[in-house]
file my_file11.tsv (TSV, C-alpha atoms)
chain	number	residue	atom	x	y	z
A	5	MET	CA	0.00	0.00	0.00
A	6	MET	CA	2.77	2.45	0.94
A	7	ASP	CA	4.68	1.63	-2.26
A	8	GLU	CA	1.54	2.45	-4.24
A	9	LEU	CA	1.18	5.72	-2.29
A	10	HIS	CA	4.77	6.73	-2.99
A	11	THR	CA	4.27	5.88	-6.67
A	12	LEU	CA	1.17	8.10	-6.68
A	13	TYR	CA	3.17	10.93	-5.10
A	14	TYR	CA	5.84	10.57	-7.76
A	15	LEU	CA	3.28	10.64	-10.58
A	16	LEU	CA	1.53	13.66	-9.09
A	17	ASP	CA	4.92	15.30	-8.66
A	18	LEU	CA	5.55	14.88	-12.38
A	19	ALA	CA	2.01	16.11	-13.14
A	20	GLY	CA	2.65	19.22	-11.06
A	21	THR	CA	5.99	19.66	-12.82
A	22	PHE	CA	4.24	19.42	-16.20
A	23	VAL	CA	1.62	22.04	-15.37
A	24	PHE	CA	4.09	24.41	-13.72
A	25	ALA	CA	6.24	24.08	-16.86
A	26	ILE	CA	3.23	24.98	-19.02
A	27	SER	CA	2.61	28.12	-16.98
A	28	GLY	CA	6.26	29.08	-17.41
A	29	ALA	CA	6.22	28.39	-21.13
A	30	VAL	CA	3.05	30.44	-21.62
A	31	ALA	CA	4.54	33.39	-19.72
A	32	ALA	CA	7.77	33.13	-21.73
A	33	LYS	CA	5.93	32.95	-25.06
A	34	GLN	CA	3.85	36.00	-24.15
A	35	ARG	CA	7.09	37.89	-23.55
A	36	GLY	CA	8.38	36.90	-27.00
A	37	LEU	CA	11.27	34.69	-25.90
A	38	ASP	CA	12.93	32.30	-28.36
A	39	LEU	CA	12.76	28.51	-28.19
A	40	PHE	CA	15.63	28.19	-25.73
A	41	GLY	CA	14.19	30.93	-23.55
A	42	ILE	CA	10.78	29.25	-23.42
A	43	CYS	CA	12.32	25.88	-22.46
A	44	ALA	CA	14.57	27.52	-19.87
A	45	ILE	CA	11.69	29.37	-18.19
A	46	ALA	CA	9.51	26.24	-18.28
A	47	PHE	CA	12.21	24.20	-16.54
A	48	THR	CA	12.89	26.99	-14.03
A	49	VAL	CA	9.24	27.18	-12.98
A	50	ALA	CA	8.84	23.40	-12.81
A	51	CYS	CA	12.03	22.54	-10.93
A	52	GLY	CA	13.47	25.78	-9.54
A	53	GLY	CA	11.87	25.50	-6.10
A	54	GLY	CA	12.92	21.89	-5.66
A	55	ILE	CA	16.48	22.64	-6.75
A	56	ILE	CA	16.75	25.49	-4.22
A	57	ARG	CA	15.43	23.20	-1.49
A	58	ASP	CA	17.84	20.38	-2.34
A	59	LEU	CA	20.79	22.77	-2.36
A	60	CYS	CA	19.75	24.13	1.04
A	61	ILE	CA	19.39	20.71	2.68
A	62	GLY	CA	22.46	19.18	1.06
A	63	ALA	CA	20.69	16.80	-1.34
A	64	ILE	CA	23.37	16.99	-4.03
A	65	PRO	CA	22.86	16.81	-6.96
A	66	PRO	CA	19.28	18.13	-6.83
A	67	THR	CA	16.54	15.76	-8.02
A	68	GLY	CA	15.39	18.25	-10.65
A	69	ILE	CA	18.78	17.88	-12.33
A	70	SER	CA	19.75	14.30	-11.53
A	71	ASP	CA	16.42	12.69	-12.51
A	72	TRP	CA	16.03	13.02	-16.29
A	73	LYS	CA	12.26	12.60	-16.08
A	74	TYR	CA	11.84	16.12	-14.69
A	75	LEU	CA	13.83	17.75	-17.49
A	76	LEU	CA	11.97	15.68	-20.09
A	77	THR	CA	8.61	16.63	-18.54
A	78	ALA	CA	9.47	20.32	-18.68
A	79	ILE	CA	10.66	20.09	-22.29
A	80	LEU	CA	7.52	18.22	-23.35
A	81	ALA	CA	5.36	20.84	-21.66
A	82	ALA	CA	7.23	23.62	-23.46
A	83	ALA	CA	6.90	21.82	-26.80
A	84	MET	CA	3.16	21.33	-26.28
A	85	THR	CA	2.74	24.98	-25.35
A	86	ILE	CA	4.51	26.13	-28.51
A	87	SER	CA	2.74	23.76	-30.89
A	88	LEU	CA	-0.72	23.92	-29.30
A	89	TYR	CA	-0.66	27.43	-27.90
A	90	ARG	CA	-4.30	28.31	-28.60
A	91	LEU	CA	-5.50	25.06	-27.08
A	92	VAL	CA	-3.33	25.59	-23.99
A	93	LEU	CA	-4.86	29.03	-23.47
A	94	ARG	CA	-8.32	27.41	-23.43
A	95	LEU	CA	-7.30	25.03	-20.63
A	96	ASN	CA	-7.41	27.73	-17.98
A	97	HIS	CA	-9.42	25.81	-15.39
A	98	PRO	CA	-7.64	22.44	-15.81
A	99	VAL	CA	-4.29	24.24	-15.56
A	100	LEU	CA	-5.39	26.05	-12.40
A	101	PHE	CA	-6.56	22.73	-10.95
A	102	PHE	CA	-3.24	20.98	-11.53
A	103	ASP	CA	-1.33	24.10	-10.52
A	104	ALA	CA	-3.11	23.94	-7.15
A	105	LEU	CA	-2.32	20.23	-6.96
A	106	GLY	CA	1.32	20.85	-7.79
A	107	LEU	CA	1.52	23.66	-5.23
A	108	SER	CA	0.08	21.41	-2.53
A	109	LEU	CA	2.27	18.45	-3.35
A	110	PHE	CA	5.47	20.47	-3.53
A	111	ALA	CA	4.71	22.22	-0.23
A	112	VAL	CA	4.18	18.89	1.55
A	113	THR	CA	7.03	16.96	-0.04
A	114	GLY	CA	9.36	19.94	0.39
A	115	ALA	CA	8.73	20.02	4.13
A	116	GLN	CA	8.85	16.23	4.34
A	117	LYS	CA	12.21	15.98	2.57
A	118	SER	CA	13.69	18.72	4.75
A	119	LEU	CA	12.64	16.84	7.89
A	120	ALA	CA	14.03	13.60	6.47
A	121	TYR	CA	17.43	15.29	6.14
A	122	GLY	CA	17.37	16.17	9.84
A	123	HIS	CA	16.49	19.86	9.69
A	124	ASN	CA	14.30	21.62	12.25
A	125	ALA	CA	10.67	22.73	11.94
A	126	GLU	CA	11.45	26.29	10.84
A	127	VAL	CA	13.69	25.10	8.01
A	128	ALA	CA	11.13	22.49	6.94
A	129	ILE	CA	8.28	25.02	6.77
A	130	LEU	CA	10.30	27.63	4.90
A	131	LEU	CA	11.68	25.11	2.43
A	132	GLY	CA	8.22	23.60	1.95
A	133	ILE	CA	7.02	27.03	0.85
A	134	THR	CA	10.15	27.56	-1.25
A	135	THR	CA	9.63	24.25	-3.04
A	136	ALA	CA	6.06	25.20	-3.89
A	137	VAL	CA	6.55	28.80	-5.01
A	138	GLY	CA	10.28	29.18	-5.71
A	139	GLY	CA	10.04	28.36	-9.40
A	140	GLY	CA	7.28	30.92	-9.93
A	141	VAL	CA	9.31	33.60	-8.16
A	142	LEU	CA	12.33	32.88	-10.37
A	143	ARG	CA	10.08	33.05	-13.46
A	144	ASP	CA	8.67	36.43	-12.49
A	145	ILE	CA	12.12	37.82	-11.68
A	146	LEU	CA	13.51	36.65	-15.02
A	147	LEU	CA	10.51	38.13	-16.85
A	148	ASN	CA	10.69	41.39	-14.87
A	149	ARG	CA	7.31	40.99	-13.16
A	150	ILE	CA	6.10	41.36	-9.58
A	151	PRO	CA	6.09	37.80	-8.15
A	152	VAL	CA	2.59	36.39	-7.70
A	153	ILE	CA	3.29	35.47	-4.07
A	154	LEU	CA	3.80	39.16	-3.24
A	155	GLU	CA	0.35	40.05	-4.49
A	156	LYS	CA	-3.02	39.49	-2.82
A	157	GLU	CA	-3.82	35.92	-3.94
A	158	ILE	CA	-3.91	33.08	-1.40
A	159	TYR	CA	-1.06	31.08	-2.86
A	160	ALA	CA	2.06	31.05	-0.72
A	161	SER	CA	-0.15	31.16	2.39
A	162	ALA	CA	-1.84	27.93	1.26
A	163	ALA	CA	1.62	26.35	0.87
A	164	LEU	CA	2.52	27.63	4.34
A	165	ILE	CA	-0.47	25.89	5.91
A	166	GLY	CA	0.27	22.63	4.09
A	167	ALA	CA	3.90	22.65	5.20
A	168	LEU	CA	2.89	23.61	8.75
A	169	ILE	CA	0.48	20.68	9.06
A	170	MET	CA	3.23	18.35	7.82
A	171	VAL	CA	5.71	19.67	10.39
A	172	LEU	CA	3.24	19.64	13.30
A	173	GLY	CA	2.18	16.09	12.45
A	174	ASP	CA	5.82	14.98	12.41
A	175	HIS	CA	6.52	16.69	15.75
A	176	PHE	CA	3.50	15.50	17.73
A	177	LYS	CA	3.19	12.09	16.01
A	178	TRP	CA	-0.58	12.34	15.93
A	179	LEU	CA	-0.81	10.14	12.87
A	180	SER	CA	1.49	8.21	10.58
A	181	SER	CA	3.72	10.28	8.29
A	182	ASP	CA	1.86	9.16	5.17
A	183	LEU	CA	-1.56	10.00	6.61
A	184	THR	CA	-0.30	13.38	7.80
A	185	SER	CA	1.01	14.04	4.29
A	186	ILE	CA	-2.39	13.26	2.77
A	187	ILE	CA	-4.20	15.57	5.21
A	188	ALA	CA	-1.72	18.40	4.57
A	189	LEU	CA	-2.09	17.91	0.83
A	190	ILE	CA	-5.90	17.99	0.99
A	191	VAL	CA	-6.01	21.10	3.20
A	192	CYS	CA	-3.56	23.05	1.04
A	193	PHE	CA	-5.25	21.94	-2.17
A	194	GLY	CA	-8.74	22.70	-0.85
A	195	LEU	CA	-7.75	26.14	0.43
A	196	ARG	CA	-6.22	27.10	-2.93
A	197	LEU	CA	-9.26	25.90	-4.91
A	198	LEU	CA	-11.73	27.58	-2.54
A	199	SER	CA	-9.79	30.84	-2.75
A	200	LEU	CA	-10.07	30.68	-6.55
A	201	ARG	CA	-13.75	29.72	-6.46
A	202	TYR	CA	-14.85	32.38	-3.97
A	203	HIS	CA	-12.18	34.99	-4.76
A	204	TRP	CA	-10.64	34.97	-1.32
A	205	ASN	CA	-7.69	37.32	-1.12
A	206	LEU	CA	-5.36	38.67	1.52
A	207	PRO	CA	-5.86	42.35	2.44
A	208	VAL	CA	-4.04	44.93	0.34
A	209	TYR	CA	-2.73	48.14	1.89
A	210	SER	CA	-2.35	51.30	-0.16
A	211	ASP	CA	-1.32	54.87	0.56
A	212	ASN	CA	-3.83	56.13	-1.98
A	213	LYS	CA	-6.44	58.36	-0.35
A	214	GLU	CA	-10.04	58.44	-1.42
call {"tool": "encode", "arguments": {"input": "my_file11.tsv", "output": "structure tokens"}}
result
Amino acid sequence: MMDELHTLYYLLDLAGTFVFAISGAVAAKQRGLDLFGICAIAFTVACGGGIIRDLCIGAIPPTGISDWKYLLTAILAAAMTISLYRLVLRLNHPVLFFDALGLSLFAVTGAQKSLAYGHNAEVAILLGITTAVGGGVLRDILLNRIPVILEKEIYASAALIGALIMVLGDHFKWLSSDLTSIIALIVCFGLRLLSLRYHWNLPVYSDNKE
């Protein structure tokens, strides 16, 4: 059963990588980048957060580089975006769905891997968030945009809650690690989808006077 669960995690991880890569490729194409630029941004979004995490915890070489499946997934996503661009633009809701799934999975597995390498709760939470949103931040910096996580959407905060549940479950041993991971994944995923459905946003503060 656990082997099947880990296989599911791996497949979902690749699915999240694929969708994150699509979002990167779309953003790069809209900015008029060439073929190499589109592939580079797609890979950065898909694997950037995980690579930063692995470098921080000492998992050398990072999985995003050492496992060829991640690079291949990003390249395939970029190729699909280029060749089927109009179709990709129509898949807004499916992409948002898998983006939320990828966010949730990366937040949980990022925290889980940090704990497995012997790091404390603070490191695990921060690197869980970094795994989930790091690639998107790198994309926005490279494309000279304000990172999405600095705006009002509930995105990084959803990753924070998922990583926090994972860390608290590991500390207090309420449930098994696998069951805690599932709960954290569901909560993070549900919060992100609900925020999209009901337009929940964090407060925005402005100096503009009425």
call {"tool": "atom_distance", "arguments": {"input": "my_file11.tsv", "atom1": "atom CA of A:Ile158", "atom2": "atom CA of A:Ser199"}}
result
6.4 Å
call {"tool": "atom_distance", "arguments": {"input": "my_file11.tsv", "atom1": "atom CA of A:Leu80", "atom2": "atom CA of A:Leu109"}}
result
20.7 Å
call {"tool": "closest_residue", "arguments": {"input": "my_file11.tsv", "among": "A:Val23, A:Ala188, A:Lys177, A:Cys51", "to": "A:Leu100", "atoms": "all atoms listed in the file"}}
result
A:Val23
call {"tool": "residues_around", "arguments": {"input": "my_file11.tsv", "residues": "A:Ser108", "least_positions_apart": "5", "cutoff": "8 Å", "atoms": "all atoms listed in the file", "output": "list in words"}}
result
Ala136, Ala162, Ala163, Gly166, Ala188, Leu189, Ile190, Cys192 and Phe193 of chain A
call {"tool": "residues_near_point", "arguments": {"input": "my_file11.tsv", "point": "(4.2, 18.4, -8.2)", "cutoff": "7 Å", "atoms": "all atoms listed in the file", "output": "list in words"}}
result
Leu16, Asp17, Leu18, Ala19, Gly20, Thr21, Leu105, Gly106, Leu107, Leu109 and Phe110 of chain A
call {"tool": "write_last_selection", "arguments": {"input": "my_file11.tsv", "atoms": "C-alpha atoms", "output": "compact mmCIF listing (two decimals), keeping the file's coordinate frame"}}
result
# COMPACT_ATOMS: atom_id res chain seq x y z
CA LEU A 16 1.53 13.66 -9.09
CA ASP A 17 4.92 15.30 -8.66
CA LEU A 18 5.55 14.88 -12.38
CA ALA A 19 2.01 16.11 -13.14
CA GLY A 20 2.65 19.22 -11.06
CA THR A 21 5.99 19.66 -12.82
CA LEU A 105 -2.32 20.23 -6.96
CA GLY A 106 1.32 20.85 -7.79
CA LEU A 107 1.52 23.66 -5.23
CA LEU A 109 2.27 18.45 -3.35
CA PHE A 110 5.47 20.47 -3.53
call {"tool": "atom_distance", "arguments": {"input": "my_file11.tsv", "atom1": "atom CA of A:Gly62", "atom2": "atom CA of A:Val141"}}
result
21.6 Å
call {"tool": "residues_around", "arguments": {"input": "my_file11.tsv", "residues": "stretch 114-122 of chain A", "least_positions_apart": "4", "cutoff": "8 Å", "atoms": "only C-alpha atoms", "output": "VMD selection string"}}
result
chain A and resid 54 57 61 110 127 to 136 167 170 to 171
call {"tool": "closest_residue", "arguments": {"input": "my_file11.tsv", "among": "A:Phe40, A:Tyr14, A:Tyr89, A:Tyr159", "to": "A:Asp71", "atoms": "only C-alpha atoms"}}
result
A:Tyr14
call {"tool": "closest_residue", "arguments": {"input": "my_file11.tsv", "among": "A:Gly68, A:Val191, A:Arg143, A:Gln34", "to": "A:Ile56", "atoms": "all atoms listed in the file"}}
result
A:Gly68
call {"tool": "closest_residue", "arguments": {"input": "my_file11.tsv", "among": "A:Val208, A:Ile186, A:Leu195, A:Phe102", "to": "A:Leu154", "atoms": "only C-alpha atoms"}}
result
A:Val208
call {"tool": "closest_residue", "arguments": {"input": "my_file11.tsv", "among": "A:Ile145, A:Ile169, A:Ile26, A:Leu164", "to": "A:Met84", "atoms": "only C-alpha atoms"}}
result
A:Ile26
